[in-house]
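Asker: Here you go, this is protein-v2.cif (mmCIF, C-alpha atoms).
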data_model
#
loop_
_atom_site.label_atom_id
_atom_site.label_comp_id
_atom_site.auth_asym_id
_atom_site.auth_seq_id
_atom_site.Cartn_x
_atom_site.Cartn_y
_atom_site.Cartn_z
CA ARG A 1 35.67 76.06 234.52
CA SER A 2 35.70 79.79 234.49
CA GLN A 3 34.54 80.36 238.06
CA THR A 4 34.70 78.59 241.38
CA ALA A 5 32.61 79.38 244.42
CA ALA A 6 34.57 80.80 247.33
CA ARG A 7 34.90 78.73 250.45
CA PRO A 8 32.24 79.85 252.96
CA SER A 9 33.57 81.93 255.83
CA ARG A 10 33.36 80.65 259.38
CA SER A 11 30.99 83.43 260.36
CA SER A 12 28.55 82.91 257.51
CA ALA A 13 28.63 79.14 257.87
CA ALA A 14 28.14 79.37 261.61
CA GLN A 15 25.12 81.59 261.08
CA GLN A 16 23.65 79.05 258.71
CA HIS A 17 24.38 76.26 261.19
CA SER A 18 22.56 78.06 263.97
CA SER A 19 19.49 78.64 261.83
CA SER A 20 19.21 75.22 260.18
CA LYS A 21 20.70 72.66 262.53
CA ASP A 22 20.18 69.02 261.44
CA SER A 23 19.24 66.91 264.43
CA SER A 24 20.22 63.78 262.51
CA SER A 25 23.92 64.51 262.90
CA GLY A 26 25.87 63.11 265.78
CA SER A 27 27.88 66.22 266.67
CA SER A 28 26.00 69.49 266.93
CA SER A 29 29.18 71.48 267.44
CA GLY A 30 31.10 69.96 264.55
CA ALA A 31 29.35 67.90 261.92
CA ASN A 32 26.29 70.13 261.57
CA TRP A 33 28.43 73.23 261.08
CA TRP A 34 30.50 71.70 258.30
CA MET A 35 27.63 69.86 256.63
CA ARG A 36 25.57 73.05 256.40
CA ALA A 37 28.62 75.04 255.29
CA SER A 38 29.19 72.56 252.51
CA LEU A 39 25.56 72.79 251.41
CA ARG A 40 26.06 76.54 251.16
CA GLY A 41 29.04 75.83 248.91
CA ILE A 42 26.87 73.76 246.60
CA GLN A 43 24.29 76.53 246.50
CA LYS A 44 26.92 79.04 245.39
CA ARG A 45 28.21 76.71 242.68
CA LEU A 46 24.70 75.98 241.44
CA SER A 47 23.98 79.69 241.38
CA THR A 48 26.89 80.07 238.96
CA ALA A 49 25.53 77.28 236.79
CA ALA A 50 22.03 78.74 236.83
CA SER A 51 23.33 82.07 235.61
CA GLY A 52 24.90 80.44 232.58
CA LYS A 53 28.50 80.58 233.81
CA GLY A 54 30.73 77.53 234.01
CA ALA A 55 30.37 74.30 232.09
CA MET A 56 28.09 72.25 234.28
CA THR A 57 26.30 69.71 232.11
CA SER A 58 24.57 67.54 234.72
CA GLN A 59 21.07 68.46 235.81
CA GLN A 60 19.92 68.63 239.40
CA LEU A 61 16.72 66.85 238.41
CA GLY A 62 16.83 63.31 237.09
CA SER A 63 13.89 61.07 236.23
CA GLU A 64 12.93 60.63 239.87
CA GLY A 65 10.59 63.56 240.41
CA ARG A 66 8.68 66.50 239.05
CA VAL A 67 8.90 70.26 239.34
CA VAL A 68 6.04 72.48 240.45
CA SER A 69 5.74 76.23 240.78
CA SER A 70 3.69 76.34 243.98
CA LEU A 71 2.40 74.19 246.81
CA ALA A 72 -1.09 74.59 245.36
CA GLU A 73 -0.08 72.27 242.50
CA ILE A 74 0.53 69.41 244.93
CA GLU A 75 -2.26 67.21 246.28
CA THR A 76 -1.43 66.68 249.95
CA LYS A 77 -4.72 65.46 251.42
CA GLY A 78 -4.42 61.74 251.94
CA LYS A 79 -1.12 61.74 250.04
CA LEU A 80 2.54 61.19 250.87
CA VAL A 81 4.91 63.76 249.34
CA LEU A 82 8.72 63.78 249.40
CA PHE A 83 10.52 67.08 248.73
CA ASN A 84 14.07 66.29 247.74
CA ASN A 85 17.14 66.80 245.56
CA ARG A 86 19.38 63.92 244.52
CA ILE A 87 22.54 65.96 245.15
CA CYS A 88 22.02 66.09 248.91
CA PRO A 89 23.29 63.25 251.16
CA PHE A 90 20.61 64.13 253.72
CA GLY A 91 17.93 63.90 251.06
CA HIS A 92 19.43 60.63 249.88
CA ARG A 93 18.72 59.15 253.32
CA ALA A 94 14.97 59.78 253.08
CA TRP A 95 14.71 58.70 249.45
CA TRP A 96 16.66 55.51 250.12
CA ALA A 97 14.45 54.80 253.14
CA MET A 98 11.38 55.22 250.95
CA ARG A 99 12.67 52.59 248.54
CA GLU A 100 13.77 50.23 251.35
CA LYS A 101 10.22 50.38 252.70
CA ALA A 102 8.88 49.49 249.25
CA VAL A 103 6.74 52.64 249.14
CA ASP A 104 5.61 53.25 245.58
CA ASP A 105 2.62 55.53 246.11
CA PHE A 106 4.27 58.87 246.83
CA ASP A 107 4.81 62.13 245.00
CA TYR A 108 8.47 63.11 244.56
CA ILE A 109 8.79 66.90 244.25
CA HIS A 110 12.18 68.11 243.09
CA ILE A 111 13.52 71.19 244.89
CA GLU A 112 16.31 73.07 243.17
CA LEU A 113 19.27 74.02 245.32
CA GLY A 114 21.11 77.29 244.89
CA ALA A 115 19.86 80.50 243.34
CA ASN A 116 16.86 78.74 241.78
CA LYS A 117 15.50 77.31 245.02
CA PRO A 118 11.80 78.21 244.92
CA ALA A 119 10.73 80.78 247.50
CA TRP A 120 7.42 79.00 248.05
CA TYR A 121 9.23 75.95 249.43
CA LYS A 122 10.66 77.79 252.43
CA ASP A 123 7.62 80.02 252.84
CA GLU A 124 4.97 77.29 252.64
CA VAL A 125 6.64 73.93 253.28
CA ASN A 126 9.93 73.87 255.20
CA PRO A 127 10.97 77.03 257.08
CA LEU A 128 14.56 75.70 257.15
CA GLY A 129 14.59 75.62 253.36
CA THR A 130 16.43 72.28 253.44
CA VAL A 131 15.76 68.88 251.94
CA PRO A 132 14.41 66.35 252.61
CA CYS A 133 10.93 67.07 253.89
CA LEU A 134 7.82 64.91 253.95
CA ILE A 135 4.18 65.89 253.89
CA ASP A 136 1.88 63.06 254.91
CA ASP A 137 -1.82 63.87 254.62
CA GLY A 138 -1.01 67.51 255.26
CA ASP A 139 1.36 66.94 258.18
CA LYS A 140 4.99 68.01 257.76
CA ILE A 141 8.03 65.98 258.84
CA PHE A 142 11.48 67.60 258.83
CA GLU A 143 15.11 66.37 258.96
CA SER A 144 16.57 63.37 257.22
CA LEU A 145 16.70 60.65 259.87
CA ILE A 146 13.43 61.78 261.40
CA CYS A 147 11.88 61.34 257.96
CA ALA A 148 13.51 57.90 257.60
CA GLU A 149 12.33 56.74 261.02
CA TYR A 150 8.85 58.08 260.32
CA LEU A 151 8.68 56.03 257.12
CA ASP A 152 9.94 52.96 258.98
CA GLU A 153 7.17 53.27 261.56
CA LYS A 154 4.41 54.27 259.16
CA PHE A 155 5.17 51.36 256.86
CA ALA A 156 6.01 48.80 259.52
CA GLY A 157 5.44 45.30 258.22
CA GLN A 158 6.47 46.07 254.66
CA GLY A 159 9.84 46.37 253.01
CA THR A 160 13.02 46.41 255.08
CA PRO A 161 12.85 47.23 258.81
CA LEU A 162 15.25 50.11 259.43
CA MET A 163 15.28 49.93 263.22
CA PRO A 164 15.81 46.58 264.98
CA GLU A 165 13.24 45.15 267.37
CA HIS A 166 15.47 44.61 270.40
CA PRO A 167 16.02 47.71 272.56
CA LYS A 168 19.74 46.92 272.89
CA ASP A 169 20.15 46.83 269.12
CA ARG A 170 18.16 50.02 268.72
CA ALA A 171 20.43 51.71 271.26
CA ALA A 172 23.48 50.41 269.41
CA VAL A 173 22.19 51.83 266.11
CA ARG A 174 21.57 55.23 267.65
CA PHE A 175 25.03 55.22 269.25
CA ALA A 176 26.62 54.33 265.91
CA ILE A 177 24.85 57.26 264.26
CA THR A 178 26.23 59.65 266.89
CA SER A 179 29.74 58.28 266.29
CA PHE A 180 29.73 59.41 262.64
CA GLY A 181 29.71 63.14 263.35
CA ASP A 182 33.42 63.80 263.83
CA LEU A 183 34.37 61.60 260.87
CA THR A 184 31.97 63.38 258.56
CA THR A 185 33.34 66.71 259.76
CA ALA A 186 36.90 65.60 259.01
CA LEU A 187 35.95 64.40 255.52
CA TYR A 188 34.29 67.70 254.66
CA ARG A 189 37.25 69.64 255.97
CA LEU A 190 39.61 67.87 253.61
CA LEU A 191 37.32 68.30 250.62
CA MET A 192 36.72 71.98 251.39
CA GLY A 193 40.27 72.79 252.46
CA GLN A 194 41.96 75.49 250.38
CA ASP A 195 45.48 75.19 251.79
CA ALA A 196 47.24 72.10 250.46
CA SER A 197 49.93 72.37 253.12
CA LYS A 198 47.31 71.47 255.72
CA ASP A 199 46.19 68.30 253.94
CA PRO A 200 48.43 65.94 255.92
CA GLU A 201 46.95 67.27 259.17
CA LEU A 202 43.41 66.93 257.79
CA ILE A 203 44.09 63.41 256.56
CA GLU A 204 45.46 62.43 259.96
CA ALA A 205 42.21 63.66 261.52
CA ILE A 206 40.27 61.48 259.08
CA ARG A 207 42.39 58.44 259.95
CA THR A 208 41.92 59.06 263.68
CA ASN A 209 38.16 59.25 263.32
CA LEU A 210 38.02 56.32 260.91
CA ALA A 211 39.67 54.21 263.57
CA LYS A 212 37.04 55.26 266.10
CA VAL A 213 34.12 54.50 263.80
CA ASN A 214 35.59 51.18 262.72
CA ALA A 215 36.07 50.26 266.37
CA VAL A 216 32.36 50.85 266.96
CA TYR A 217 31.50 48.67 263.96
CA GLU A 218 33.91 45.89 264.91
CA ALA A 219 32.66 45.79 268.48
CA GLN A 220 29.10 45.33 267.21
CA SER A 221 29.48 42.62 264.56
CA GLU A 222 31.66 40.99 261.93
CA GLY A 223 29.72 42.70 259.14
CA PRO A 224 29.02 43.35 256.43
CA HIS A 225 26.47 45.78 257.94
CA PHE A 226 26.64 47.43 261.32
CA LEU A 227 24.30 44.75 262.71
CA GLY A 228 26.01 41.95 260.83
CA GLU A 229 23.81 40.51 258.12
CA THR A 230 20.98 42.88 259.02
CA PHE A 231 20.67 46.25 257.27
CA SER A 232 19.65 49.12 259.57
CA MET A 233 19.36 52.86 259.99
CA ALA A 234 23.03 52.98 261.00
CA ASP A 235 24.05 51.92 257.49
CA LEU A 236 21.60 54.27 255.80
CA ALA A 237 22.76 57.22 257.93
CA MET A 238 26.45 57.01 257.04
CA ILE A 239 26.65 55.38 253.63
CA THR A 240 25.00 58.29 251.79
CA PHE A 241 28.07 60.34 252.78
CA ILE A 242 30.55 57.57 252.01
CA ASP A 243 28.87 57.25 248.60
CA ARG A 244 29.91 60.81 247.83
CA PHE A 245 33.32 60.95 249.50
CA ALA A 246 34.38 57.64 247.92
CA HIS A 247 34.31 59.43 244.56
CA THR A 248 34.98 63.09 245.32
CA LEU A 249 38.00 62.76 247.61
CA PRO A 250 40.10 60.60 245.24
CA HIS A 251 39.29 62.96 242.37
CA TRP A 252 39.71 66.31 244.10
CA ARG A 253 42.20 65.49 246.85
CA GLY A 254 43.95 62.32 245.71
CA PHE A 255 42.80 60.60 248.90
CA ASP A 256 41.36 57.12 248.38
CA LEU A 257 39.09 56.79 251.39
CA LEU A 258 37.95 53.21 250.77
CA ASN A 259 41.50 51.90 250.53
CA GLU A 260 42.56 53.35 253.86
CA PRO A 261 43.46 50.51 256.29
CA GLY A 262 41.22 52.04 258.94
CA CYS A 263 38.25 52.08 256.58
CA ALA A 264 37.96 48.31 256.17
CA ARG A 265 34.60 47.91 257.91
CA LEU A 266 33.03 51.01 256.37
CA ALA A 267 34.30 49.93 252.95
CA GLU A 268 32.75 46.50 253.49
CA ASN A 269 29.52 48.16 254.57
CA PHE A 270 29.57 50.39 251.50
CA ARG A 271 30.08 47.45 249.14
CA ALA A 272 27.22 45.57 250.79
CA CYS A 273 24.91 48.56 250.45
CA GLN A 274 25.87 48.94 246.79
CA GLN A 275 24.27 45.54 246.18
CA ARG A 276 20.92 46.66 247.57
CA LYS A 277 18.25 47.43 245.00
CA ALA A 278 16.99 50.45 246.95
CA PHE A 279 20.48 51.93 247.06
CA GLN A 280 21.01 51.36 243.35
CA GLU A 281 17.73 53.15 242.65
CA THR A 282 18.76 56.24 244.61
CA SER A 283 22.56 56.54 244.30
CA GLN A 284 24.12 58.59 241.50
CA PRO A 285 27.10 57.91 239.18
CA ALA A 286 30.58 58.94 240.27
CA ALA A 287 30.78 61.60 237.55
CA PHE A 288 27.63 63.26 238.90
CA TYR A 289 29.06 63.61 242.40
CA ILE A 290 32.44 64.78 241.15
CA GLN A 291 30.89 67.48 239.02
CA PHE A 292 28.40 68.85 241.51
CA TYR A 293 30.82 68.70 244.43
CA GLU A 294 33.39 70.76 242.57
CA SER A 295 32.11 73.72 244.55
CA TYR A 296 33.55 72.15 247.68
CA ALA A 297 37.04 71.85 246.26
CA LYS A 298 39.47 74.40 244.90
CA VAL A 299 39.64 73.66 241.19
CA ALA A 300 43.26 74.74 240.91
CA ARG A 301 44.26 71.85 243.17
CA LYS A 302 44.80 68.71 241.13
CA ALA A 303 43.90 65.20 242.10
CA GLU A 304 47.38 64.07 241.01
CA SER A 305 49.01 65.64 244.08
CA ASN A 306 50.49 63.05 246.42
CA LEU A 307 48.94 63.32 249.86
#
What does the file become when written as structure tokens?

Answerer:
Amino acid sequence: RSQTAARPSRSSAAQQHSSSKDSSSGSSSGANWWMRASLRGIQKRLSTAASGKGAMTSQQLGSEGRVVSSLAEIETKGKLVLFNNRICPFGHRAWWAMREKAVDDFDYIHIELGANKPAWYKDEVNPLGTVPCLIDDGDKIFESLICAEYLDEKFAGQGTPLMPEHPKDRAAVRFAITSFGDLTTALYRLLMGQDASKDPELIEAIRTNLAKVNAVYEAQSEGPHFLGETFSMADLAMITFIDRFAHTLPHWRGFDLLNEPGCARLAENFRACQQRKAFQETSQPAAFYIQFYESYAKVARKAESNL
């Protein structure tokens, strides 16, 4: 590749964090900042691709949706519309939830990330400019897990329940979601790190946080899901990120997340989710993630390095 997007500065990323904070993350001071910074990295890399530079062959849009040039082209009255992009782990949450709830009657509108993001989307649909977003009969719903929970409640009685019935289990699911924040932050830091000498320190942070998350899982059940045999929002919230890091970190950083001893329960959870039809319908191939997430990694650093 001829060009690589520069790593976002702390100041610019922090500004983006403050203006587009994702309430679905567990750590507002850590995970949100790095997640939004990494999305900015993807936008820069996609901007390069859109301008004809680089050798990106994958397309942001697959067969899942359609492209429009204005909100006026979308029928919203009495309709359910999902605005999304398959690259985004946040967007993956809402799309996966839609499939788990066996919702077939919805309009999937593809939103380009990067330089080609349509201005009308931020101006007329989502002032944050982020995906996912739902419009249901004209009403707008923002943020990934809010969208997922909305779908769970709107389509209660069909498909897979995403939140358990018992208040104790619901509290446990919400606590599990908050526990993911520091781990997700640590994973992004390794992928985005530009100084190889700091990798051991970053990997140690991942291992520390893996142990904490696995402890939460192990205290709850024997698996394979967070609630044992029952799939829930806790699985949906984290596995969209594991789906990406399981492929990108081994390739770009030589770090095999799923084979880490402290990742046993998350790895089991990931394998169980991979068997779900709804996940298979919304997840992307390893090569897709590796290519699009190149913007997060420094290309000059080779996966062969021993970490």

Asker: Taking all atoms listed in the file into account, name the residue in A:Met233, A:Leu71, A:Gly78, A:His225 that is nearest to Ile146 in chain A.

Answerer: A:Met233

Asker: Do a neighbour search on range 244-250 of chain A at 12 Å with only C-alpha atoms, toss out local chain neighbours closer than 6 positions, and write the hits as an mmCIF file with C-alpha atoms, in the coordinates of the input.

Answerer:
data_model
loop_
_atom_site.group_PDB
_atom_site.id
_atom_site.type_symbol
_atom_site.label_atom_id
_atom_site.label_comp_id
_atom_site.auth_asym_id
_atom_site.auth_seq_id
_atom_site.Cartn_x
_atom_site.Cartn_y
_atom_site.Cartn_z
ATOM 1 C CA ARG A 86 19.380 63.920 244.520
ATOM 2 C CA ILE A 87 22.540 65.960 245.150
ATOM 3 C CA CYS A 88 22.020 66.090 248.910
ATOM 4 C CA PRO A 89 23.290 63.250 251.160
ATOM 5 C CA PHE A 90 20.610 64.130 253.720
ATOM 6 C CA HIS A 92 19.430 60.630 249.880
ATOM 7 C CA LEU A 183 34.370 61.600 260.870
ATOM 8 C CA THR A 184 31.970 63.380 258.560
ATOM 9 C CA THR A 185 33.340 66.710 259.760
ATOM 10 C CA ALA A 186 36.900 65.600 259.010
ATOM 11 C CA LEU A 187 35.950 64.400 255.520
ATOM 12 C CA TYR A 188 34.290 67.700 254.660
ATOM 13 C CA ARG A 189 37.250 69.640 255.970
ATOM 14 C CA LEU A 190 39.610 67.870 253.610
ATOM 15 C CA LEU A 191 37.320 68.300 250.620
ATOM 16 C CA MET A 192 36.720 71.980 251.390
ATOM 17 C CA GLY A 193 40.270 72.790 252.460
ATOM 18 C CA ASP A 199 46.190 68.300 253.940
ATOM 19 C CA ILE A 203 44.090 63.410 256.560
ATOM 20 C CA ILE A 206 40.270 61.480 259.080
ATOM 21 C CA MET A 238 26.450 57.010 257.040
ATOM 22 C CA ASP A 256 41.360 57.120 248.380
ATOM 23 C CA LEU A 257 39.090 56.790 251.390
ATOM 24 C CA LEU A 258 37.950 53.210 250.770
ATOM 25 C CA ASN A 259 41.500 51.900 250.530
ATOM 26 C CA GLU A 260 42.560 53.350 253.860
ATOM 27 C CA CYS A 263 38.250 52.080 256.580
ATOM 28 C CA LEU A 266 33.030 51.010 256.370
ATOM 29 C CA ALA A 267 34.300 49.930 252.950
ATOM 30 C CA PHE A 270 29.570 50.390 251.500
ATOM 31 C CA ARG A 271 30.080 47.450 249.140
ATOM 32 C CA SER A 283 22.560 56.540 244.300
ATOM 33 C CA GLN A 284 24.120 58.590 241.500
ATOM 34 C CA PRO A 285 27.100 57.910 239.180
ATOM 35 C CA ALA A 286 30.580 58.940 240.270
ATOM 36 C CA ALA A 287 30.780 61.600 237.550
ATOM 37 C CA PHE A 288 27.630 63.260 238.900
ATOM 38 C CA TYR A 289 29.060 63.610 242.400
ATOM 39 C CA ILE A 290 32.440 64.780 241.150
ATOM 40 C CA GLN A 291 30.890 67.480 239.020
ATOM 41 C CA PHE A 292 28.400 68.850 241.510
ATOM 42 C CA TYR A 293 30.820 68.700 244.430
ATOM 43 C CA GLU A 294 33.390 70.760 242.570
ATOM 44 C CA SER A 295 32.110 73.720 244.550
ATOM 45 C CA TYR A 296 33.550 72.150 247.680
ATOM 46 C CA ALA A 297 37.040 71.850 246.260
ATOM 47 C CA ARG A 301 44.260 71.850 243.170
ATOM 48 C CA LYS A 302 44.800 68.710 241.130
ATOM 49 C CA ALA A 303 43.900 65.200 242.100
ATOM 50 C CA GLU A 304 47.380 64.070 241.010
ATOM 51 C CA SER A 305 49.010 65.640 244.080
ATOM 52 C CA ASN A 306 50.490 63.050 246.420
ATOM 53 C CA LEU A 307 48.940 63.320 249.860
#

Asker: Extract, using all atoms listed in the file, all DNA, RNA and protein residues at most 8 Å from range 272-275 of chain A, discarding same-chain residues fewer than 3 positions from it, and format them as an MDAnalysis selection string.

Answerer: chainID A and resid 224:225 235 239 268:269 279:280

Asker: Can you build me a table of range 50-128 of chain A residues sitting at most 10 Å from range 155-177 of chain A, with the closest atom pair per residue and its distance in Å to one decimal, using all atoms listed in the file, sorted by chain and residue number, as CSV?

Answerer:
residue,atom,partner,partner_atom,distance
A:Ala97,CA,A:Leu162,CA,7.9
A:Met98,CA,A:Gly159,CA,9.2
A:Arg99,CA,A:Gly159,CA,8.2
A:Glu100,CA,A:Thr160,CA,5.4
A:Lys101,CA,A:Gly159,CA,4.0
A:Ala102,CA,A:Gly159,CA,5.0
A:Val103,CA,A:Phe155,CA,8.0

Asker: Between A:Asp107, A:Asp137, A:Gly262, A:Lys117, which has the minimum distance to Gln60 in chain A (counting only C-alpha atoms)?

Answerer: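 Answer, going by the shortest atom-to-atom distance: A:Lys117.
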
Asker: To one decimal in Å, tell me the separation between CA of Asp182 in chain A and CA of Ala215 in chain A.

Answerer: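 Atom-to-atom, CA of Asp182 in chain A to CA of Ala215 in chain A, that is 14.0 Å.
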
Asker: Work out how far CA of Phe180 in chain A is from CA of Gln194 in chain A, in Å to one decimal.

Answerer: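 Between these atoms lies a distance of 23.6 Å.
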
Asker: Using all atoms listed in the file, find the one residue out of A:Arg265, A:Asp139, A:Thr130, A:Ile111 that sits nearest to Gly228 in chain A.

Answerer: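 Residue with the minimum atom-to-atom distance to Gly228 in chain A: A:Arg265.
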
Asker: So the first atom is CA of Ile242 in chain A and the second is CA of Arg93 in chain A; what is the distance between them in Å, to one decimal place?

Answerer: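 Separation of CA of Ile242 in chain A and CA of Arg93 in chain A: 12.0 Å.
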
Asker: Evaluate the PyMOL selection byres ((chain A and resi 66) around 10) on the structure here and hand back the selected residues as a list in words.

Answerer: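 Here the PyMOL selection byres ((chain A and resi 66) around 10) matches Leu61, Gly62, Ser63, Glu64, Gly65, Val67, Val68, Phe83, Asp107, Tyr108, Ile109, His110 and Ile111 of chain A.
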
Asker: Can you turn the PyMOL selection byres ((chain A and resi 126) around 12) into a concrete residue list for this file, as a compact mmCIF listing (two decimals) with C-alpha atoms, keeping the file's coordinate frame?

Answerer:
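Result written to result_16.txt:
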# COMPACT_ATOMS: atom_id res chain seq x y z
CA SER A 20 19.21 75.22 260.18
CA LEU A 71 2.40 74.19 246.81
CA LEU A 82 8.72 63.78 249.40
CA PHE A 83 10.52 67.08 248.73
CA ASN A 84 14.07 66.29 247.74
CA ILE A 111 13.52 71.19 244.89
CA PRO A 118 11.80 78.21 244.92
CA ALA A 119 10.73 80.78 247.50
CA TRP A 120 7.42 79.00 248.05
CA TYR A 121 9.23 75.95 249.43
CA LYS A 122 10.66 77.79 252.43
CA ASP A 123 7.62 80.02 252.84
CA GLU A 124 4.97 77.29 252.64
CA VAL A 125 6.64 73.93 253.28
CA PRO A 127 10.97 77.03 257.08
CA LEU A 128 14.56 75.70 257.15
CA GLY A 129 14.59 75.62 253.36
CA THR A 130 16.43 72.28 253.44
CA VAL A 131 15.76 68.88 251.94
CA PRO A 132 14.41 66.35 252.61
CA CYS A 133 10.93 67.07 253.89
CA LEU A 134 7.82 64.91 253.95
CA ILE A 135 4.18 65.89 253.89
CA ASP A 139 1.36 66.94 258.18
CA LYS A 140 4.99 68.01 257.76
CA ILE A 141 8.03 65.98 258.84
CA PHE A 142 11.48 67.60 258.83
CA GLU A 143 15.11 66.37 258.96

Asker: Which is closer to Arg253 in chain A than all the others in A:Leu113, A:Leu202, A:Ala94, A:Leu80, using only C-alpha atoms?

Answerer: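 Between A:Leu113, A:Leu202, A:Ala94, A:Leu80, the residue approaching Arg253 in chain A most closely is A:Leu202.
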